[in-house]
$ cat entry_35.pdb   # PDB, C-alpha atoms, pLDDT in the B column
ATOM      1  CA  MET A   1       0.000   0.000   0.000  1.00 80.00           C
ATOM      2  CA  THR A   2       1.315   3.458  -0.902  1.00 89.00           C
ATOM      3  CA  LYS A   3       2.500   5.558   2.004  1.00 93.00           C
ATOM      4  CA  GLN A   4      -0.279   7.938   3.033  1.00 97.00           C
ATOM      5  CA  ASN A   5      -0.417  11.198   4.936  1.00 98.00           C
ATOM      6  CA  ILE A   6      -2.428  10.077   7.982  1.00 98.00           C
ATOM      7  CA  VAL A   7      -3.252  12.350  10.893  1.00 97.00           C
ATOM      8  CA  ILE A   8      -4.415  11.165  14.318  1.00 96.00           C
ATOM      9  CA  ILE A   9      -6.201  14.042  16.034  1.00 96.00           C
ATOM     10  CA  LYS A  10      -4.544  14.918  19.330  1.00 93.00           C
ATOM     11  CA  TYR A  11      -6.884  16.065  22.094  1.00 89.00           C
ATOM     12  CA  ASN A  12      -7.479  15.391  25.786  1.00 80.00           C
ATOM     13  CA  ALA A  13      -8.342  11.704  25.376  1.00 75.00           C
ATOM     14  CA  GLY A  14      -6.335   8.539  25.917  1.00 69.00           C
ATOM     15  CA  ASN A  15      -5.499   5.577  23.693  1.00 72.00           C
ATOM     16  CA  ILE A  16      -4.072   7.533  20.780  1.00 81.00           C
ATOM     17  CA  ARG A  17      -0.683   5.788  20.610  1.00 86.00           C
ATOM     18  CA  SER A  18      -2.150   2.273  20.293  1.00 91.00           C
ATOM     19  CA  VAL A  19      -3.869   3.392  17.070  1.00 94.00           C
ATOM     20  CA  ASN A  20      -0.538   4.543  15.655  1.00 93.00           C
ATOM     21  CA  ASN A  21       1.026   1.207  16.647  1.00 94.00           C
ATOM     22  CA  ALA A  22      -1.686  -0.545  14.607  1.00 96.00           C
ATOM     23  CA  LEU A  23      -0.882   1.682  11.614  1.00 96.00           C
ATOM     24  CA  LEU A  24       2.829   0.831  11.966  1.00 95.00           C
ATOM     25  CA  ARG A  25       1.905  -2.855  11.646  1.00 95.00           C
ATOM     26  CA  LEU A  26       0.338  -1.923   8.273  1.00 96.00           C
ATOM     27  CA  GLU A  27       3.570  -0.112   7.278  1.00 96.00           C
ATOM     28  CA  GLN A  28       1.855   3.260   7.658  1.00 97.00           C
ATOM     29  CA  GLU A  29       2.356   5.933  10.272  1.00 94.00           C
ATOM     30  CA  GLY A  30       0.048   8.568  11.672  1.00 95.00           C
ATOM     31  CA  GLU A  31       1.153  11.996  12.808  1.00 96.00           C
ATOM     32  CA  ILE A  32      -0.427  12.814  16.176  1.00 94.00           C
ATOM     33  CA  THR A  33      -1.325  16.489  15.978  1.00 95.00           C
ATOM     34  CA  ALA A  34      -3.922  19.165  16.737  1.00 96.00           C
ATOM     35  CA  ASP A  35      -2.559  21.483  14.017  1.00 97.00           C
ATOM     36  CA  PRO A  36      -5.577  22.498  11.858  1.00 97.00           C
ATOM     37  CA  GLU A  37      -3.472  22.912   8.724  1.00 98.00           C
ATOM     38  CA  LYS A  38      -2.007  19.406   9.014  1.00 98.00           C
ATOM     39  CA  ILE A  39      -5.443  17.929   9.718  1.00 98.00           C
ATOM     40  CA  ILE A  40      -6.977  19.633   6.666  1.00 98.00           C
ATOM     41  CA  LYS A  41      -4.135  18.483   4.369  1.00 98.00           C
ATOM     42  CA  ALA A  42      -4.157  14.820   5.493  1.00 98.00           C
ATOM     43  CA  ASP A  43      -5.225  11.993   3.165  1.00 98.00           C
ATOM     44  CA  LYS A  44      -6.959  10.258   6.083  1.00 98.00           C
ATOM     45  CA  VAL A  45      -7.931  11.481   9.549  1.00 98.00           C
ATOM     46  CA  ILE A  46      -8.384   9.246  12.598  1.00 98.00           C
ATOM     47  CA  PHE A  47     -10.295  10.545  15.628  1.00 97.00           C
ATOM     48  CA  PRO A  48      -9.747   7.992  18.415  1.00 94.00           C
ATOM     49  CA  GLY A  49     -10.088   8.295  22.151  1.00 86.00           C
ATOM     50  CA  VAL A  50     -11.074   6.953  25.535  1.00 86.00           C
ATOM     51  CA  GLY A  51     -12.483   9.396  28.068  1.00 88.00           C
ATOM     52  CA  GLU A  52     -15.563  11.309  29.217  1.00 93.00           C
ATOM     53  CA  ALA A  53     -17.847  12.947  26.656  1.00 96.00           C
ATOM     54  CA  SER A  54     -18.757  16.304  28.223  1.00 96.00           C
ATOM     55  CA  THR A  55     -15.224  17.350  29.283  1.00 94.00           C
ATOM     56  CA  THR A  56     -13.900  16.255  25.896  1.00 94.00           C
ATOM     57  CA  MET A  57     -16.567  18.201  23.975  1.00 96.00           C
ATOM     58  CA  LYS A  58     -15.703  21.275  26.068  1.00 96.00           C
ATOM     59  CA  HIS A  59     -12.049  20.890  25.024  1.00 95.00           C
ATOM     60  CA  LEU A  60     -12.971  20.381  21.345  1.00 96.00           C
ATOM     61  CA  ASN A  61     -15.177  23.485  21.362  1.00 97.00           C
ATOM     62  CA  GLU A  62     -12.577  25.634  23.146  1.00 96.00           C
ATOM     63  CA  THR A  63      -9.787  24.644  20.754  1.00 96.00           C
ATOM     64  CA  GLY A  64     -11.857  25.014  17.563  1.00 97.00           C
ATOM     65  CA  LEU A  65     -11.353  21.323  16.755  1.00 97.00           C
ATOM     66  CA  ALA A  66     -15.124  20.693  16.939  1.00 98.00           C
ATOM     67  CA  ASP A  67     -15.873  23.044  14.045  1.00 98.00           C
ATOM     68  CA  LEU A  68     -12.840  21.832  12.092  1.00 98.00           C
ATOM     69  CA  ILE A  69     -13.728  18.120  12.291  1.00 98.00           C
ATOM     70  CA  LYS A  70     -17.260  18.768  10.975  1.00 98.00           C
ATOM     71  CA  THR A  71     -15.883  20.468   7.833  1.00 98.00           C
ATOM     72  CA  LEU A  72     -13.387  17.737   6.831  1.00 98.00           C
ATOM     73  CA  THR A  73     -13.904  16.259   3.362  1.00 98.00           C
ATOM     74  CA  GLN A  74     -11.369  13.393   3.350  1.00 98.00           C
ATOM     75  CA  PRO A  75     -12.194   9.982   4.932  1.00 98.00           C
ATOM     76  CA  VAL A  76     -12.432  10.359   8.731  1.00 98.00           C
ATOM     77  CA  LEU A  77     -12.541   7.412  11.163  1.00 98.00           C
ATOM     78  CA  GLY A  78     -13.836   7.903  14.706  1.00 98.00           C
ATOM     79  CA  ILE A  79     -12.990   5.178  17.237  1.00 97.00           C
ATOM     80  CA  CYS A  80     -14.711   4.469  20.584  1.00 96.00           C
ATOM     81  CA  LEU A  81     -15.226   7.870  22.272  1.00 96.00           C
ATOM     82  CA  GLY A  82     -14.449   9.427  18.870  1.00 96.00           C
ATOM     83  CA  MET A  83     -17.530   7.703  17.417  1.00 98.00           C
ATOM     84  CA  GLN A  84     -19.728   8.795  20.326  1.00 97.00           C
ATOM     85  CA  LEU A  85     -18.589  12.413  20.001  1.00 97.00           C
ATOM     86  CA  MET A  86     -19.598  12.334  16.322  1.00 98.00           C
ATOM     87  CA  GLY A  87     -23.217  11.642  17.350  1.00 98.00           C
ATOM     88  CA  SER A  88     -25.828  14.300  18.085  1.00 98.00           C
ATOM     89  CA  HIS A  89     -26.009  14.110  21.893  1.00 98.00           C
ATOM     90  CA  SER A  90     -24.533  12.048  24.734  1.00 98.00           C
ATOM     91  CA  GLU A  91     -26.135  11.146  28.041  1.00 98.00           C
ATOM     92  CA  GLU A  92     -22.599  11.145  29.484  1.00 97.00           C
ATOM     93  CA  GLY A  93     -22.585  14.618  30.994  1.00 97.00           C
ATOM     94  CA  ASP A  94     -25.773  15.485  29.024  1.00 98.00           C
ATOM     95  CA  VAL A  95     -23.830  17.184  26.240  1.00 98.00           C
ATOM     96  CA  ASN A  96     -24.504  18.108  22.622  1.00 98.00           C
ATOM     97  CA  CYS A  97     -21.862  16.508  20.418  1.00 98.00           C
ATOM     98  CA  LEU A  98     -20.560  17.157  16.902  1.00 98.00           C
ATOM     99  CA  GLY A  99     -23.822  16.171  15.179  1.00 98.00           C
ATOM    100  CA  ILE A 100     -22.102  14.516  12.208  1.00 98.00           C
ATOM    101  CA  PHE A 101     -24.435  11.564  12.802  1.00 98.00           C
ATOM    102  CA  ASP A 102     -28.059  11.936  13.942  1.00 97.00           C
ATOM    103  CA  GLU A 103     -27.840   9.031  16.383  1.00 97.00           C
ATOM    104  CA  LYS A 104     -27.761   9.670  20.145  1.00 97.00           C
ATOM    105  CA  VAL A 105     -25.453   8.154  22.774  1.00 98.00           C
ATOM    106  CA  LYS A 106     -27.188   6.459  25.708  1.00 98.00           C
ATOM    107  CA  LYS A 107     -26.046   4.676  28.863  1.00 98.00           C
ATOM    108  CA  PHE A 108     -26.433   0.908  29.019  1.00 98.00           C
ATOM    109  CA  GLN A 109     -29.020  -0.194  31.597  1.00 97.00           C
ATOM    110  CA  LEU A 110     -28.765  -3.728  32.995  1.00 97.00           C
ATOM    111  CA  PRO A 111     -31.818  -5.894  32.371  1.00 95.00           C
ATOM    112  CA  ASP A 112     -33.949  -6.905  35.345  1.00 95.00           C
ATOM    113  CA  PRO A 113     -33.754  -9.825  35.929  1.00 95.00           C
ATOM    114  CA  ASN A 114     -30.134 -10.059  34.780  1.00 96.00           C
ATOM    115  CA  SER A 115     -30.227 -13.811  34.075  1.00 95.00           C
ATOM    116  CA  GLN A 116     -27.032 -13.745  31.948  1.00 93.00           C
ATOM    117  CA  ASN A 117     -25.123 -11.815  34.651  1.00 96.00           C
ATOM    118  CA  LEU A 118     -24.227  -9.047  32.174  1.00 96.00           C
ATOM    119  CA  LYS A 119     -21.969  -6.238  33.376  1.00 97.00           C
ATOM    120  CA  ILE A 120     -21.393  -2.582  32.529  1.00 97.00           C
ATOM    121  CA  PRO A 121     -19.071  -1.666  30.900  1.00 97.00           C
ATOM    122  CA  GLN A 122     -19.235  -4.195  28.121  1.00 98.00           C
ATOM    123  CA  MET A 123     -15.635  -5.381  28.089  1.00 97.00           C
ATOM    124  CA  GLY A 124     -14.361  -8.015  25.696  1.00 98.00           C
ATOM    125  CA  TRP A 125     -15.151  -9.604  22.352  1.00 98.00           C
ATOM    126  CA  ASN A 126     -18.493  -9.412  20.556  1.00 98.00           C
ATOM    127  CA  GLN A 127     -19.835  -9.858  17.022  1.00 98.00           C
ATOM    128  CA  ILE A 128     -20.506  -7.302  14.302  1.00 98.00           C
ATOM    129  CA  THR A 129     -23.449  -8.045  11.972  1.00 98.00           C
ATOM    130  CA  ASP A 130     -25.586  -6.370   9.272  1.00 98.00           C
ATOM    131  CA  LEU A 131     -22.504  -4.710   7.786  1.00 98.00           C
ATOM    132  CA  LYS A 132     -23.298  -1.842   5.397  1.00 96.00           C
ATOM    133  CA  SER A 133     -20.148   0.194   4.782  1.00 96.00           C
ATOM    134  CA  ASP A 134     -16.972   0.158   2.691  1.00 96.00           C
ATOM    135  CA  LEU A 135     -15.137  -0.301   6.015  1.00 97.00           C
ATOM    136  CA  PHE A 136     -16.310  -3.902   5.865  1.00 98.00           C
ATOM    137  CA  ASP A 137     -16.552  -6.676   3.334  1.00 94.00           C
ATOM    138  CA  VAL A 138     -18.644  -9.868   3.385  1.00 95.00           C
ATOM    139  CA  SER A 139     -15.841 -11.861   5.020  1.00 97.00           C
ATOM    140  CA  LEU A 140     -16.210  -9.747   8.187  1.00 98.00           C
ATOM    141  CA  GLU A 141     -19.919 -10.500   8.773  1.00 98.00           C
ATOM    142  CA  GLY A 142     -20.339 -12.076  12.226  1.00 98.00           C
ATOM    143  CA  LYS A 143     -16.676 -11.643  13.191  1.00 98.00           C
ATOM    144  CA  TYR A 144     -15.616 -10.777  16.740  1.00 98.00           C
ATOM    145  CA  VAL A 145     -14.022  -7.435  17.672  1.00 98.00           C
ATOM    146  CA  TYR A 146     -12.953  -5.866  20.975  1.00 98.00           C
ATOM    147  CA  PHE A 147     -15.176  -3.491  22.966  1.00 98.00           C
ATOM    148  CA  VAL A 148     -14.845  -1.485  26.200  1.00 96.00           C
ATOM    149  CA  HIS A 149     -17.756   0.911  26.794  1.00 97.00           C
ATOM    150  CA  SER A 150     -20.588   1.867  29.160  1.00 98.00           C
ATOM    151  CA  TYR A 151     -22.426   4.066  26.661  1.00 98.00           C
ATOM    152  CA  TYR A 152     -23.757   2.999  23.271  1.00 98.00           C
ATOM    153  CA  VAL A 153     -25.010   4.611  20.076  1.00 98.00           C
ATOM    154  CA  ALA A 154     -28.627   3.805  19.277  1.00 95.00           C
ATOM    155  CA  LEU A 155     -29.584   2.209  15.961  1.00 97.00           C
ATOM    156  CA  GLY A 156     -30.463   4.691  13.218  1.00 97.00           C
ATOM    157  CA  SER A 157     -30.148   5.645   9.577  1.00 97.00           C
ATOM    158  CA  ASP A 158     -26.317   5.897   9.809  1.00 98.00           C
ATOM    159  CA  THR A 159     -25.856   2.436  11.393  1.00 98.00           C
ATOM    160  CA  ALA A 160     -23.176   0.544   9.447  1.00 98.00           C
ATOM    161  CA  ALA A 161     -22.772  -2.445  11.823  1.00 98.00           C
ATOM    162  CA  THR A 162     -24.921  -3.854  14.627  1.00 98.00           C
ATOM    163  CA  THR A 163     -23.840  -5.561  17.849  1.00 98.00           C
ATOM    164  CA  ASN A 164     -26.052  -7.081  20.514  1.00 98.00           C
ATOM    165  CA  TYR A 165     -25.229  -6.461  24.177  1.00 98.00           C
ATOM    166  CA  ILE A 166     -28.269  -6.129  26.442  1.00 97.00           C
ATOM    167  CA  HIS A 167     -29.981  -5.056  23.174  1.00 97.00           C
ATOM    168  CA  PRO A 168     -28.913  -4.284  19.576  1.00 98.00           C
ATOM    169  CA  TYR A 169     -26.992  -1.020  19.038  1.00 98.00           C
ATOM    170  CA  SER A 170     -24.757   0.660  16.441  1.00 98.00           C
ATOM    171  CA  SER A 171     -21.230  -0.709  16.593  1.00 98.00           C
ATOM    172  CA  ALA A 172     -20.276   1.265  13.471  1.00 98.00           C
ATOM    173  CA  LEU A 173     -21.660   4.323  11.680  1.00 98.00           C
ATOM    174  CA  GLN A 174     -21.165   5.901   8.284  1.00 98.00           C
ATOM    175  CA  ARG A 175     -22.369   9.075   6.623  1.00 98.00           C
ATOM    176  CA  ASP A 176     -20.618  10.364   3.492  1.00 98.00           C
ATOM    177  CA  ASN A 177     -16.865  10.594   4.255  1.00 98.00           C
ATOM    178  CA  PHE A 178     -17.353  10.014   8.004  1.00 98.00           C
ATOM    179  CA  PHE A 179     -16.859   6.489   9.358  1.00 98.00           C
ATOM    180  CA  ALA A 180     -16.832   5.359  12.983  1.00 98.00           C
ATOM    181  CA  THR A 181     -16.505   2.231  15.123  1.00 98.00           C
ATOM    182  CA  GLN A 182     -17.497   1.731  18.762  1.00 98.00           C
ATOM    183  CA  PHE A 183     -15.074  -1.195  18.979  1.00 98.00           C
ATOM    184  CA  HIS A 184     -11.298  -0.835  18.900  1.00 97.00           C
ATOM    185  CA  PRO A 185      -9.959  -2.033  15.517  1.00 97.00           C
ATOM    186  CA  GLU A 186      -6.418  -1.501  16.843  1.00 96.00           C
ATOM    187  CA  LYS A 187      -7.097  -4.127  19.564  1.00 96.00           C
ATOM    188  CA  SER A 188      -9.154  -6.531  17.431  1.00 97.00           C
ATOM    189  CA  GLY A 189      -6.395  -8.685  15.916  1.00 97.00           C
ATOM    190  CA  PRO A 190      -6.531  -9.653  12.222  1.00 97.00           C
ATOM    191  CA  VAL A 191     -10.194  -8.570  11.904  1.00 98.00           C
ATOM    192  CA  GLY A 192      -9.413  -5.072  13.174  1.00 98.00           C
ATOM    193  CA  GLU A 193      -6.364  -4.920  10.939  1.00 97.00           C
ATOM    194  CA  LYS A 194      -8.559  -5.726   7.924  1.00 98.00           C
ATOM    195  CA  ILE A 195     -10.985  -2.920   8.883  1.00 98.00           C
ATOM    196  CA  LEU A 196      -8.141  -0.394   9.236  1.00 98.00           C
ATOM    197  CA  LYS A 197      -6.740  -1.558   5.898  1.00 97.00           C
ATOM    198  CA  ASN A 198     -10.169  -1.093   4.270  1.00 98.00           C
ATOM    199  CA  PHE A 199     -10.293   2.450   5.695  1.00 98.00           C
ATOM    200  CA  LEU A 200      -6.858   3.235   4.281  1.00 97.00           C
ATOM    201  CA  LYS A 201      -8.012   2.013   0.833  1.00 96.00           C
ATOM    202  CA  LEU A 202     -10.938   4.487   0.710  1.00 97.00           C
TER     203      LEU A 202
END

$ encode --input "entry_35.pdb" --output "structure tokens"
Amino acid sequence: MTKQNIVIIKYNAGNIRSVNNALLRLEQEGEITADPEKIIKADKVIFPGVGEASTTMKHLNETGLADLIKTLTQPVLGICLGMQLMGSHSEEGDVNCLGIFDEKVKKFQLPDPNSQNLKIPQMGWNQITDLKSDLFDVSLEGKYVYFVHSYYVALGSDTAATTNYIHPYSSALQRDNFFATQFHPEKSGPVGEKILKNFLKL
């Protein structure tokens, strides 16, 4: 694969370096930066993160990154918190998010009775089904990927993959040039590697 100009957006959220390590395994490298000019000029933009939605949205708004991300025209991939922040609203801190996707972010509620002894956060491997995006191909239907999250994105018109934990929810979203996964492709072994590779081919 040709060497690409990939930017990983730097902001006040964790787990950014593990994404770059995954790119290195694909013989690519991301530049971790918050520089608007570098973000605009990139071939691909990755918006990862682990953290809390309301404090992160405050940071994105204060730094101007919120407005910048919404105007990007190249392929953009949100991961985990990045995906949730691309939704319209999050119950985590009751905050309006970027609004790239119409779907809302809600907190998992344990079923009563909890006969399967489910826990929050969902932590571990689960399946992706009903795949509808160029991020995926038919070989990935029903495959297992790695999740860690207490909040989920509801199903909606932008749903590109579905996962069932407590109930079905969006494990991936796509609208135009914006793609997002709730799971961590960088921690999902060969399946995650394939998804990252598909993103880089866009």

$ resolve_selection --input "entry_35.pdb" --expression "the PyMOL selection byres ((chain A and resi 92-95) around 12)" --output "JSON, numbers by chain"
{"A": [51, 52, 53, 54, 55, 56, 57, 58, 61, 81, 84, 85, 86, 87, 88, 89, 90, 91, 96, 97, 98, 99, 104, 105, 106, 107, 108, 149, 150, 151, 152, 153]}

$ closest_residue --input "entry_35.pdb" --among "A:Phe136, A:Tyr169, A:Phe101, A:Phe183" --to "Leu200 (chain A)" --atoms "all atoms listed in the file"
A:Phe136

$ atom_distance --input "entry_35.pdb" --atom1 "CA of Pro185 (chain A)" --atom2 "CA of Lys44 (chain A)"
15.8 Å

$ atom_distance --input "entry_35.pdb" --atom1 "CA of Gln109 (chain A)" --atom2 "CA of Thr181 (chain A)"
20.8 Å

$ residues_around --input "entry_35.pdb" --residues "region 22-29 of chain A" --least-positions-apart "2" --cutoff "6 Å" --atoms "all atoms listed in the file" --output "list in words"
Val19, Asn20 and Glu186 of chain A

$ resolve_selection --input "entry_35.pdb" --expression "the PyMOL selection byres ((chain A and resi 160) around 8)" --output "list of chain:residue names"
A:Asp130, A:Leu131, A:Lys132, A:Ser133, A:Asp158, A:Thr159, A:Ala161, A:Thr162, A:Ser170, A:Ser171, A:Ala172, A:Leu173, A:Gln174

$ axis_aligned_box --input "entry_35.pdb" --around "region 66-79 of chain A" --padding-each-side "6 Å" --output "lines of an AutoDock Vina configuration file"
center_x = -14.3
center_y = 14.1
center_z = 10.3
size_x = 17.9
size_y = 29.9
size_z = 25.9

$ atom_distance --input "entry_35.pdb" --atom1 "CA of Gly142 (chain A)" --atom2 "CA of Asn117 (chain A)"
22.9 Å

$ closest_residue --input "entry_35.pdb" --among "A:Leu72, A:Met1, A:Ile40, A:Ile79" --to "Asn15 (chain A)" --atoms "all atoms listed in the file"
A:Ile79

$ resolve_selection --input "entry_35.pdb" --expression "the PyMOL selection byres ((chain A and resi 38) around 12)" --output "list of chain:residue names"
A:Asn5, A:Ile6, A:Val7, A:Ile8, A:Ile9, A:Lys10, A:Gly30, A:Glu31, A:Ile32, A:Thr33, A:Ala34, A:Asp35, A:Pro36, A:Glu37, A:Ile39, A:Ile40, A:Lys41, A:Ala42, A:Asp43, A:Lys44, A:Val45, A:Leu68, A:Leu72

$ closest_residue --input "entry_35.pdb" --among "A:Lys201, A:Lys70, A:His59, A:His167" --to "Leu110 (chain A)" --atoms "only C-alpha atoms"
A:His167

$ closest_residue --input "entry_35.pdb" --among "A:Gly64, A:Gly49, A:Gly82, A:Pro168" --to "Asn126 (chain A)" --atoms "only C-alpha atoms"
A:Pro168

$ residues_near_point --input "entry_35.pdb" --point "(-17.2, 8.7, 10.4)" --cutoff "6 Å" --atoms "only C-alpha atoms" --output "list in words"
Val76, Leu77, Gly78, Gln174, Phe178, Phe179 and Ala180 of chain A
